[in-house]
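upload.cif (mmCIF, C-alpha atoms)
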```cif
data_upload
#
loop_
_atom_site.label_atom_id
_atom_site.label_comp_id
_atom_site.auth_asym_id
_atom_site.auth_seq_id
_atom_site.Cartn_x
_atom_site.Cartn_y
_atom_site.Cartn_z
CA MET D 1 116.83 -43.36 22.82
CA LEU D 2 116.77 -42.06 26.39
CA VAL D 3 113.49 -43.88 27.00
CA ILE D 4 114.87 -47.17 25.67
CA ALA D 5 118.05 -46.87 27.75
CA SER D 6 115.95 -46.11 30.81
CA LEU D 7 113.70 -49.11 30.15
CA VAL D 8 116.76 -51.39 29.92
CA CYS D 9 118.17 -49.92 33.16
CA GLY D 10 114.88 -50.53 34.96
CA PHE D 11 114.79 -54.08 33.62
CA ILE D 12 118.33 -54.87 34.83
CA PHE D 13 117.56 -53.26 38.19
CA GLY D 14 114.45 -55.45 38.44
CA LEU D 15 116.38 -58.60 37.53
CA GLY D 16 118.86 -57.74 40.27
CA LEU D 17 116.12 -57.39 42.88
CA LEU D 18 114.51 -60.63 41.69
CA ILE D 19 117.71 -62.72 41.62
CA SER D 20 118.92 -61.37 44.96
CA GLY D 21 115.62 -62.37 46.60
CA MET D 22 114.92 -58.77 47.68
CA MET D 23 111.46 -58.81 46.04
CA GLN D 24 110.34 -61.01 48.91
CA PRO D 25 109.48 -58.84 51.95
CA THR D 26 110.07 -61.68 54.42
CA LYS D 27 113.67 -62.03 53.17
CA VAL D 28 114.28 -58.34 53.94
CA LEU D 29 112.65 -58.79 57.36
CA GLY D 30 114.97 -61.78 57.90
CA PHE D 31 117.86 -59.30 57.75
CA LEU D 32 116.18 -56.61 59.86
CA ASP D 33 115.29 -59.13 62.60
CA ILE D 34 118.63 -59.05 64.41
CA PHE D 35 117.24 -61.28 67.18
CA GLY D 36 117.71 -63.97 64.53
CA ILE D 37 121.45 -63.84 65.28
CA ARG D 38 120.72 -65.48 68.60
CA TYR D 39 118.35 -68.07 67.11
CA GLY D 40 120.48 -68.85 64.06
CA THR D 41 117.79 -67.57 61.66
CA TRP D 42 119.38 -64.22 60.78
CA ASP D 43 119.73 -63.66 57.01
CA PRO D 44 122.59 -61.27 56.10
CA SER D 45 121.84 -61.54 52.34
CA LEU D 46 120.78 -57.87 52.17
CA LEU D 47 124.27 -56.84 53.32
CA VAL D 48 125.80 -58.85 50.48
CA VAL D 49 123.36 -57.26 47.99
CA MET D 50 124.37 -53.79 49.16
CA ALA D 51 128.10 -54.58 49.18
CA ALA D 52 127.99 -55.98 45.63
CA ALA D 53 125.85 -53.11 44.36
CA LEU D 54 128.17 -50.54 45.98
CA ALA D 55 131.30 -52.20 44.61
CA VAL D 56 129.93 -51.95 41.07
CA SER D 57 128.31 -48.51 41.38
CA GLY D 58 131.20 -46.95 43.31
CA VAL D 59 133.71 -47.79 40.59
CA GLY D 60 131.18 -47.34 37.76
CA TYR D 61 130.15 -43.83 38.84
CA LEU D 62 133.79 -42.70 38.84
CA ILE D 63 134.22 -43.99 35.29
CA ALA D 64 130.84 -42.64 34.05
CA GLN D 65 131.51 -39.17 35.43
CA ARG D 66 134.81 -38.82 33.61
CA ARG D 67 132.63 -37.83 30.68
CA PRO D 68 131.70 -34.13 30.55
CA THR D 69 128.03 -35.05 30.01
CA PRO D 70 125.90 -38.21 30.02
CA VAL D 71 125.53 -40.03 26.68
CA LEU D 72 121.86 -39.16 26.16
CA ALA D 73 121.20 -36.18 28.45
CA PRO D 74 122.58 -32.62 28.72
CA LYS D 75 124.01 -32.93 32.25
CA PHE D 76 124.60 -35.11 35.30
CA ASP D 77 121.74 -34.46 37.71
CA ILE D 78 123.19 -35.13 41.16
CA SER D 79 122.22 -33.66 44.53
CA THR D 80 124.50 -30.90 45.69
CA LYS D 81 123.18 -30.90 49.27
CA THR D 82 125.81 -31.67 51.86
CA GLY D 83 124.64 -31.15 55.45
CA VAL D 84 122.67 -33.62 57.55
CA ASP D 85 119.50 -31.66 58.39
CA THR D 86 116.27 -32.28 60.30
CA PRO D 87 114.16 -33.30 57.27
CA LEU D 88 116.76 -35.90 56.29
CA VAL D 89 116.81 -37.39 59.79
CA ALA D 90 113.04 -37.28 60.34
CA GLY D 91 112.18 -38.54 56.87
CA SER D 92 114.64 -41.41 57.03
CA ALA D 93 113.37 -42.40 60.49
CA LEU D 94 109.75 -42.51 59.23
CA PHE D 95 110.81 -44.37 56.09
CA GLY D 96 112.55 -47.02 58.19
CA ILE D 97 109.46 -47.56 60.35
CA GLY D 98 107.33 -48.17 57.25
CA TRP D 99 110.01 -50.41 55.73
CA GLY D 100 110.22 -52.47 58.91
CA LEU D 101 106.43 -52.85 59.21
CA VAL D 102 106.12 -54.77 55.93
CA GLY D 103 109.60 -55.31 54.47
CA LEU D 104 108.87 -53.35 51.28
CA CYS D 105 110.71 -50.31 50.00
CA PRO D 106 109.74 -48.47 46.79
CA GLY D 107 111.70 -50.57 44.26
CA PRO D 108 110.50 -54.03 45.32
CA ALA D 109 107.01 -52.62 46.01
CA LEU D 110 106.57 -51.38 42.43
CA GLU D 111 108.22 -54.51 41.00
CA ASN D 112 105.84 -56.73 42.98
CA LEU D 113 102.91 -55.09 41.14
CA ALA D 114 103.75 -57.73 38.51
CA THR D 115 102.42 -60.39 40.90
CA LEU D 116 99.04 -58.55 41.11
CA SER D 117 99.03 -59.06 44.89
CA PRO D 118 96.14 -56.96 46.29
CA GLN D 119 98.20 -56.04 49.38
CA VAL D 120 101.05 -54.81 47.18
CA ILE D 121 98.65 -52.74 45.06
CA VAL D 122 97.22 -51.12 48.21
CA PHE D 123 100.74 -50.56 49.57
CA CYS D 124 101.79 -48.82 46.33
CA VAL D 125 98.68 -46.60 46.33
CA ALA D 126 99.36 -45.62 49.96
CA MET D 127 103.02 -44.97 49.07
CA ALA D 128 101.96 -42.70 46.18
CA VAL D 129 99.57 -40.86 48.52
CA GLY D 130 102.43 -40.40 51.00
CA MET D 131 104.67 -38.97 48.26
CA VAL D 132 101.99 -36.60 46.97
CA ALA D 133 101.20 -35.57 50.55
CA HIS D 134 104.82 -34.52 50.92
CA ASP D 135 105.49 -32.96 47.52
CA GLY D 136 102.09 -31.35 46.98
CA TRP D 137 101.24 -30.26 50.49
CA TYR D 138 103.95 -30.59 53.17
CA ALA D 139 106.81 -29.15 51.12
CA LYS D 140 104.58 -26.31 49.86
CA ARG D 141 102.98 -25.34 53.15
CA PRO D 142 103.47 -21.64 53.84
CA ALA D 143 106.49 -20.97 55.99
CA THR D 144 105.85 -19.27 59.29
CA PRO D 145 106.53 -15.56 58.72
CA PRO D 146 109.66 -14.51 60.59
CA SER D 147 108.84 -12.61 63.75
CA GLY D 148 109.10 -8.90 63.22
CA ALA D 149 108.22 -9.20 59.56
CA LEU D 150 105.60 -6.47 59.86
CA ALA D 151 107.89 -4.20 61.82
CA GLY D 152 110.52 -4.80 59.18
CA ALA D 153 108.14 -3.36 56.59
CA ASP D 154 108.61 0.03 58.17
CA GLY D 155 112.32 -0.02 57.90
CA MET M 1 122.01 -68.75 59.03
CA ALA M 2 119.95 -71.29 57.12
CA ASN M 3 118.32 -68.60 54.95
CA PHE M 4 121.57 -66.93 53.86
CA THR M 5 121.96 -66.91 50.06
CA PRO M 6 125.29 -65.12 49.42
CA LEU M 7 125.79 -66.13 45.78
CA SER M 8 122.41 -65.01 44.42
CA ALA M 9 122.64 -61.91 46.65
CA ALA M 10 126.04 -60.99 45.14
CA ILE M 11 124.88 -61.57 41.55
CA GLY M 12 121.63 -59.63 42.09
CA GLY M 13 123.45 -56.83 43.90
CA ALA M 14 125.99 -56.50 41.08
CA LEU M 15 123.12 -56.18 38.57
CA ILE M 16 121.50 -53.46 40.70
CA GLY M 17 124.84 -51.61 40.76
CA LEU M 18 125.23 -52.05 37.00
CA ALA M 19 121.74 -50.62 36.38
CA ALA M 20 122.58 -47.61 38.56
CA VAL M 21 125.83 -46.97 36.65
CA MET M 22 124.09 -47.31 33.27
CA LEU M 23 121.34 -44.86 34.26
CA MET M 24 124.02 -42.36 35.33
CA LEU M 25 126.08 -42.93 32.17
CA PHE M 26 123.17 -42.61 29.74
CA ALA M 27 120.63 -40.37 31.48
CA GLY M 28 122.80 -38.60 34.08
CA ARG M 29 120.30 -39.65 36.73
CA VAL M 30 120.46 -41.27 40.14
CA ALA M 31 118.62 -44.61 40.26
CA GLY M 32 116.52 -43.63 43.28
CA ILE M 33 113.14 -45.29 42.96
CA SER M 34 111.30 -42.87 45.25
CA GLY M 35 112.68 -39.87 43.36
CA ILE M 36 111.87 -41.40 39.97
CA THR M 37 108.32 -42.25 41.11
CA SER M 38 107.52 -38.94 42.78
CA GLY M 39 108.62 -37.11 39.63
CA LEU M 40 105.91 -39.03 37.80
CA LEU M 41 103.21 -38.10 40.29
CA GLY M 42 103.91 -34.38 40.38
CA ILE M 43 101.60 -32.00 38.59
CA GLY M 44 103.42 -30.18 35.82
CA SER M 45 106.25 -32.67 35.67
CA ILE M 46 107.93 -32.36 32.29
CA ASP M 47 110.30 -35.32 32.13
CA ARG M 48 107.94 -38.23 32.60
CA GLY M 49 109.18 -40.34 29.64
CA TRP M 50 112.36 -41.86 31.09
CA ARG M 51 110.69 -42.26 34.51
CA ILE M 52 107.79 -44.28 33.12
CA ALA M 53 110.24 -46.33 31.04
CA PHE M 54 112.43 -47.16 34.06
CA ILE M 55 109.47 -48.29 36.17
CA ALA M 56 108.01 -50.24 33.23
CA GLY M 57 111.36 -52.06 32.91
CA LEU M 58 111.36 -52.74 36.65
CA ILE M 59 107.90 -54.36 36.47
CA LEU M 60 108.68 -56.19 33.20
CA ALA M 61 111.66 -58.01 34.74
CA PRO M 62 109.60 -60.50 36.80
CA VAL M 63 107.06 -60.77 33.96
CA ALA M 64 109.85 -61.80 31.57
CA ALA M 65 111.18 -64.21 34.20
CA MET M 66 107.73 -65.81 34.53
CA LEU M 67 107.44 -66.14 30.73
CA ALA M 68 110.86 -67.79 30.71
CA GLY M 69 109.57 -70.39 33.16
CA TYR M 70 111.13 -68.97 36.34
CA ALA M 71 108.79 -69.27 39.33
CA VAL M 72 108.45 -65.75 40.78
CA PRO M 73 107.35 -66.19 44.39
CA LEU M 74 104.28 -64.30 45.59
CA PRO M 75 105.16 -61.64 48.16
CA GLN M 76 104.29 -62.59 51.72
CA MET M 77 102.45 -59.58 53.11
CA PRO M 78 100.87 -58.82 56.51
CA THR M 79 97.20 -59.73 56.76
CA SER M 80 96.28 -56.42 58.42
CA TRP M 81 95.21 -53.78 55.89
CA ILE M 82 95.89 -51.08 58.46
CA VAL M 83 99.53 -52.16 58.71
CA VAL M 84 99.87 -52.31 54.90
CA ILE M 85 98.38 -48.83 54.43
CA ALA M 86 100.32 -47.27 57.32
CA ALA M 87 103.56 -48.76 56.02
CA GLY M 88 102.91 -47.47 52.49
CA LEU M 89 102.15 -43.95 53.73
CA LEU M 90 105.28 -43.90 55.93
CA VAL M 91 107.51 -45.22 53.16
CA GLY M 92 106.19 -42.70 50.61
CA PHE M 93 106.18 -39.63 52.87
CA GLY M 94 109.41 -40.56 54.67
CA ALA M 95 111.36 -41.21 51.47
CA ARG M 96 110.38 -37.80 50.09
CA LEU M 97 111.05 -35.90 53.32
CA GLY M 98 114.38 -37.70 53.76
CA GLY M 99 115.33 -37.13 50.13
CA GLY M 100 115.60 -40.77 49.13
CA CYS M 101 115.08 -44.46 49.87
CA THR M 102 117.05 -47.68 49.94
CA SER M 103 118.20 -47.29 46.33
CA GLY M 104 118.78 -43.52 46.14
CA HIS M 105 120.56 -43.14 49.49
CA GLY M 106 121.57 -46.75 50.25
CA ILE M 107 123.20 -47.51 46.93
CA CYS M 108 123.61 -44.43 44.70
CA GLY M 109 124.34 -41.95 47.51
CA ILE M 110 126.77 -44.15 49.44
CA ALA M 111 128.51 -45.03 46.14
CA ARG M 112 129.45 -41.34 45.82
CA LEU M 113 130.35 -41.24 49.53
CA SER M 114 127.64 -38.66 50.33
CA LYS M 115 127.54 -37.99 54.08
CA ARG M 116 123.79 -37.32 53.85
CA SER M 117 123.17 -40.69 52.26
CA ILE M 118 125.36 -42.56 54.74
CA ALA M 119 123.47 -40.87 57.60
CA ALA M 120 120.07 -41.54 56.01
CA THR M 121 120.88 -45.22 55.45
CA LEU M 122 122.11 -45.73 59.03
CA ILE M 123 118.94 -44.04 60.34
CA PHE M 124 116.40 -45.96 58.25
CA VAL M 125 118.09 -49.32 58.79
CA GLY M 126 118.14 -48.47 62.50
CA THR M 127 114.46 -47.57 62.81
CA ALA M 128 113.52 -50.56 60.63
CA ILE M 129 115.43 -52.91 62.96
CA VAL M 130 113.70 -51.34 65.98
CA THR M 131 110.30 -51.69 64.27
CA VAL M 132 110.83 -55.35 63.37
CA THR M 133 112.08 -56.10 66.87
CA LEU M 134 109.03 -54.45 68.46
CA MET M 135 106.58 -56.12 66.05
CA ARG M 136 108.06 -59.62 66.32
CA HIS M 137 109.48 -59.87 69.81
CA VAL M 138 107.66 -57.32 71.96
CA ILE M 139 104.12 -56.82 70.61
CA GLY M 140 103.95 -60.10 68.71
CA GLY M 141 105.52 -61.91 71.70
#
```

Conversion result in structure tokens:
Amino acid sequence: MLVIASLVCGFIFGLGLLISGMMQPTKVLGFLDIFGIRYGTWDPSLLVVMAAALAVSGVGYLIAQRRPTPVLAPKFDISTKTGVDTPLVAGSALFGIGWGLVGLCPGPALENLATLSPQVIVFCVAMAVGMVAHDGWYAKRPATPPSGALAGADG
Amino acid sequence: MANFTPLSAAIGGALIGLAAVMLMLFAGRVAGISGITSGLLGIGSIDRGWRIAFIAGLILAPVAAMLAGYAVPLPQMPTSWIVVIAAGLLVGFGARLGGGCTSGHGICGIARLSKRSIAATLIFVGTAIVTVTLMRHVIGG
């Protein structure tokens, strides 16, 4: 059941991206290109997409989380991190550079695999490599031993 | 603002929000695409089923639309392979380091008023705007 519910959620999410026009990278770039305000070509559609999505999810999350547990899973799995730290800032900055270079973020990138565009396939492979590089290597790299660690062994 | 399409943007956005709420209600999960995808790629990942299903649904949506006679436009991508590869690497690595992407931070995180997500969204929209400005109006002339 969980798999079917998840498939339906992915499908609705995909319809939303398709209908809103956000599958098209140039439409996203039309929002990010703020010089367009001066030339009359700026496209604020992405802001409307976000506002509508937030209106529904903001209210919907409050209602969904009144339940003690999700319908088909043992618990709500939500980040408990609170502080703004260096990885968050650095990662988001890098993510934005990549997003601005092409106009694709992970959702529309994967969804565009349906078009069999060779550039999209290469983008998705590179994106997967980037994720594995982080999860499998960067996040697991040995931490620098704290100075005085050896001296501490005596005490 | 000749390209502005507020009605379809509002309808599409509401569907994205609905999908996020449903995934939380049924699976207790945040609809963050980078998190869902990276959990698939990890060695020893144990909960692949719902992740694969979500991404399959995501890809099936335009396929179903095509079968129903809706013309799904081909994505307009840069011609430079170097730019495509660099962008993919940055998006993948950056989303993981930053703990989320446009969906996870921009929609799900802001919906629960997470300060981290609000900060992340402001930062990646900011660097994306700077990147587009440099590419189109400084380097691209």

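With CA of Cys9 (chain D) on one side and CA of Pro44 (chain D) on the other, the separation reads 26.0 Å.
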
Please, what is the axis-aligned box for every listed atom of region 37-46 of chain M with 5 Å on each side, as centre and edge lengths in Å to one decimal, as AutoDock Vina command-line options?
```
--center_x 105.1 --center_y -36.2 --center_z 37.5 --size_x 17.0 --size_y 22.1 --size_z 20.5
```

Problem set entry | Surrounding residues of Leu90 (chain M) excluding itself and chain neighbours under 4 positions, 9 Å, only C-alpha atoms, as a ChimeraX atom specification | /D:91,94-99,126-127,130 /M:85-86,94-95

Can you tell me, as a short mmCIF file (atom, residue, chain, number, x, y, z; two decimals) with C-alpha atoms, in the coordinates of the input, what residues are no more than 8 Å from region 59-74 of chain M when counting all atoms listed in the file, ignoring any on the same chain fewer than 6 positions away?
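What follows is the written file selection21.cif:
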```
data_model
loop_
_atom_site.label_atom_id
_atom_site.label_comp_id
_atom_site.auth_asym_id
_atom_site.auth_seq_id
_atom_site.Cartn_x
_atom_site.Cartn_y
_atom_site.Cartn_z
CA PHE D 11 114.79 -54.08 33.62
CA ILE D 12 118.33 -54.87 34.83
CA GLY D 14 114.45 -55.45 38.44
CA LEU D 15 116.38 -58.60 37.53
CA LEU D 18 114.51 -60.63 41.69
CA GLN D 24 110.34 -61.01 48.91
CA LEU D 110 106.57 -51.38 42.43
CA GLU D 111 108.22 -54.51 41.00
CA ASN D 112 105.84 -56.73 42.98
CA LEU D 113 102.91 -55.09 41.14
CA ALA D 114 103.75 -57.73 38.51
CA THR D 115 102.42 -60.39 40.90
CA SER D 117 99.03 -59.06 44.89
#
```

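Residue nearest Met22 (chain M), chosen from D:Gln65, D:Thr80, D:Thr41, D:Thr26 and counting all atoms listed in the file: D:Gln65.
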
Exercise. If you apply the PyMOL selection byres ((chain M and resi 1) around 8) to this file, what residues do you get, as a PyMOL selection string?
Worked result: (chain D and resi 37+40-43) or (chain M and resi 2-4)

Exercise. Which residue, D:Cys105, D:Phe123, D:Leu47, D:Arg67, has the smallest gap to Ser80 (chain M) when you use only C-alpha atoms?
Worked result: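 The answer is D:Phe123, which sits nearest to Ser80 (chain M).
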
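Proximity of M:Gly106, M:Ser8, M:Thr131, M:Pro75 to Ala31 (chain M), computed with all atoms listed in the file, is greatest for M:Gly106.
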
For this session: Go through the shown structure with the PyMOL selection byres ((chain M and resi 110) around 12) and write out the matching residues as an MDAnalysis selection string.
Result: (chainID D and resid 50:51 53:59 61) or (chainID M and resid 17 30 32 100:109 111:122)

For this session: Tell me, in Å to one decimal, how far CA of Ala9 (chain M) is from CA of Ile36 (chain M).
Result: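 Taking CA of Ala9 (chain M) and CA of Ile36 (chain M), their separation equals 24.1 Å.
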
For this session: Carefully work through the PyMOL selection byres ((chain D and resi 86) around 12) for this structure and note down the residues it includes, as a list in words.
Result: Gly83, Val84, Asp85, Pro87, Leu88, Val89, Ala90, Gly91, Ser92 and Ala93 of chain D; Leu97, Gly98, Gly99, Arg116, Ala119 and Ala120 of chain M

Can you fill out region 98-132 of chain M with N, CA and C atoms and hand it back as an mmCIF file, in the coordinates of the input?
```cif
data_model
loop_
_atom_site.group_PDB
_atom_site.id
_atom_site.type_symbol
_atom_site.label_atom_id
_atom_site.label_comp_id
_atom_site.auth_asym_id
_atom_site.auth_seq_id
_atom_site.Cartn_x
_atom_site.Cartn_y
_atom_site.Cartn_z
ATOM 1 N N GLY M 98 112.971 -37.379 53.535
ATOM 2 C CA GLY M 98 114.380 -37.700 53.760
ATOM 3 C C GLY M 98 115.230 -37.600 52.495
ATOM 4 N N GLY M 99 114.585 -37.339 51.371
ATOM 5 C CA GLY M 99 115.330 -37.130 50.130
ATOM 6 C C GLY M 99 115.777 -38.408 49.432
ATOM 7 N N GLY M 100 115.214 -39.560 49.842
ATOM 8 C CA GLY M 100 115.600 -40.770 49.130
ATOM 9 C C GLY M 100 115.259 -42.033 49.900
ATOM 10 N N CYS M 101 115.431 -43.177 49.241
ATOM 11 C CA CYS M 101 115.080 -44.460 49.870
ATOM 12 C C CYS M 101 116.280 -45.396 49.828
ATOM 13 N N THR M 102 115.990 -46.677 49.886
ATOM 14 C CA THR M 102 117.050 -47.680 49.940
ATOM 15 C C THR M 102 117.961 -47.617 48.721
ATOM 16 N N SER M 103 117.383 -47.345 47.554
ATOM 17 C CA SER M 103 118.200 -47.290 46.330
ATOM 18 C C SER M 103 118.924 -45.950 46.198
ATOM 19 N N GLY M 104 118.185 -44.846 46.352
ATOM 20 C CA GLY M 104 118.780 -43.520 46.140
ATOM 21 C C GLY M 104 119.858 -43.186 47.155
ATOM 22 N N HIS M 105 119.556 -43.396 48.451
ATOM 23 C CA HIS M 105 120.560 -43.140 49.490
ATOM 24 C C HIS M 105 121.460 -44.358 49.678
ATOM 25 N N GLY M 106 120.831 -45.537 49.843
ATOM 26 C CA GLY M 106 121.570 -46.750 50.250
ATOM 27 C C GLY M 106 122.579 -47.213 49.227
ATOM 28 N N ILE M 107 122.264 -47.039 47.952
ATOM 29 C CA ILE M 107 123.200 -47.510 46.930
ATOM 30 C C ILE M 107 123.844 -46.318 46.197
ATOM 31 N N CYS M 108 123.030 -45.502 45.526
ATOM 32 C CA CYS M 108 123.610 -44.430 44.700
ATOM 33 C C CYS M 108 124.340 -43.390 45.549
ATOM 34 N N GLY M 109 123.743 -42.996 46.668
ATOM 35 C CA GLY M 109 124.340 -41.950 47.510
ATOM 36 C C GLY M 109 125.608 -42.426 48.189
ATOM 37 N N ILE M 110 125.573 -43.633 48.763
ATOM 38 C CA ILE M 110 126.770 -44.150 49.440
ATOM 39 C C ILE M 110 127.882 -44.380 48.412
ATOM 40 N N ALA M 111 127.495 -44.785 47.177
ATOM 41 C CA ALA M 111 128.510 -45.030 46.140
ATOM 42 C C ALA M 111 129.308 -43.763 45.849
ATOM 43 N N ARG M 112 128.657 -42.571 46.030
ATOM 44 C CA ARG M 112 129.450 -41.340 45.820
ATOM 45 C C ARG M 112 129.905 -40.744 47.151
ATOM 46 N N LEU M 113 129.850 -41.592 48.201
ATOM 47 C CA LEU M 113 130.350 -41.240 49.530
ATOM 48 C C LEU M 113 129.685 -39.981 50.089
ATOM 49 N N SER M 114 128.374 -39.794 49.787
ATOM 50 C CA SER M 114 127.640 -38.660 50.330
ATOM 51 C C SER M 114 127.363 -38.884 51.823
ATOM 52 N N LYS M 115 127.761 -37.884 52.628
ATOM 53 C CA LYS M 115 127.540 -37.990 54.080
ATOM 54 C C LYS M 115 126.052 -38.066 54.393
ATOM 55 N N ARG M 116 125.239 -37.305 53.635
ATOM 56 C CA ARG M 116 123.790 -37.320 53.850
ATOM 57 C C ARG M 116 123.232 -38.730 53.620
ATOM 58 N N SER M 117 123.693 -39.372 52.577
ATOM 59 C CA SER M 117 123.170 -40.690 52.260
ATOM 60 C C SER M 117 123.621 -41.742 53.271
ATOM 61 N N ILE M 118 124.865 -41.618 53.733
ATOM 62 C CA ILE M 118 125.360 -42.560 54.740
ATOM 63 C C ILE M 118 124.536 -42.387 56.019
ATOM 64 N N ALA M 119 124.278 -41.130 56.406
ATOM 65 C CA ALA M 119 123.470 -40.870 57.600
ATOM 66 C C ALA M 119 122.050 -41.400 57.418
ATOM 67 N N ALA M 120 121.449 -41.107 56.260
ATOM 68 C CA ALA M 120 120.070 -41.540 56.010
ATOM 69 C C ALA M 120 119.959 -43.055 56.082
ATOM 70 N N THR M 121 120.921 -43.755 55.482
ATOM 71 C CA THR M 121 120.880 -45.220 55.450
ATOM 72 C C THR M 121 121.011 -45.793 56.866
ATOM 73 N N LEU M 122 121.946 -45.245 57.645
ATOM 74 C CA LEU M 122 122.110 -45.730 59.030
ATOM 75 C C LEU M 122 120.822 -45.509 59.815
ATOM 76 N N ILE M 123 120.160 -44.356 59.583
ATOM 77 C CA ILE M 123 118.940 -44.040 60.340
ATOM 78 C C ILE M 123 117.802 -44.965 59.919
ATOM 79 N N PHE M 124 117.567 -45.145 58.596
ATOM 80 C CA PHE M 124 116.400 -45.960 58.250
ATOM 81 C C PHE M 124 116.621 -47.457 58.515
ATOM 82 N N VAL M 125 117.851 -47.926 58.406
ATOM 83 C CA VAL M 125 118.090 -49.320 58.790
ATOM 84 C C VAL M 125 117.878 -49.455 60.301
ATOM 85 N N GLY M 126 118.307 -48.450 61.041
ATOM 86 C CA GLY M 126 118.140 -48.470 62.500
ATOM 87 C C GLY M 126 116.683 -48.487 62.917
ATOM 88 N N THR M 127 115.859 -47.581 62.383
ATOM 89 C CA THR M 127 114.460 -47.570 62.810
ATOM 90 C C THR M 127 113.710 -48.791 62.276
ATOM 91 N N ALA M 128 114.158 -49.335 61.137
ATOM 92 C CA ALA M 128 113.520 -50.560 60.630
ATOM 93 C C ALA M 128 113.820 -51.733 61.559
ATOM 94 N N ILE M 129 115.064 -51.832 62.037
ATOM 95 C CA ILE M 129 115.430 -52.910 62.960
ATOM 96 C C ILE M 129 114.617 -52.791 64.249
ATOM 97 N N VAL M 130 114.487 -51.552 64.756
ATOM 98 C CA VAL M 130 113.700 -51.340 65.980
ATOM 99 C C VAL M 130 112.242 -51.743 65.745
ATOM 100 N N THR M 131 111.692 -51.367 64.591
ATOM 101 C CA THR M 131 110.300 -51.690 64.270
ATOM 102 C C THR M 131 110.081 -53.201 64.192
ATOM 103 N N VAL M 132 110.962 -53.890 63.501
ATOM 104 C CA VAL M 132 110.830 -55.350 63.370
ATOM 105 C C VAL M 132 110.950 -56.008 64.746
#
```
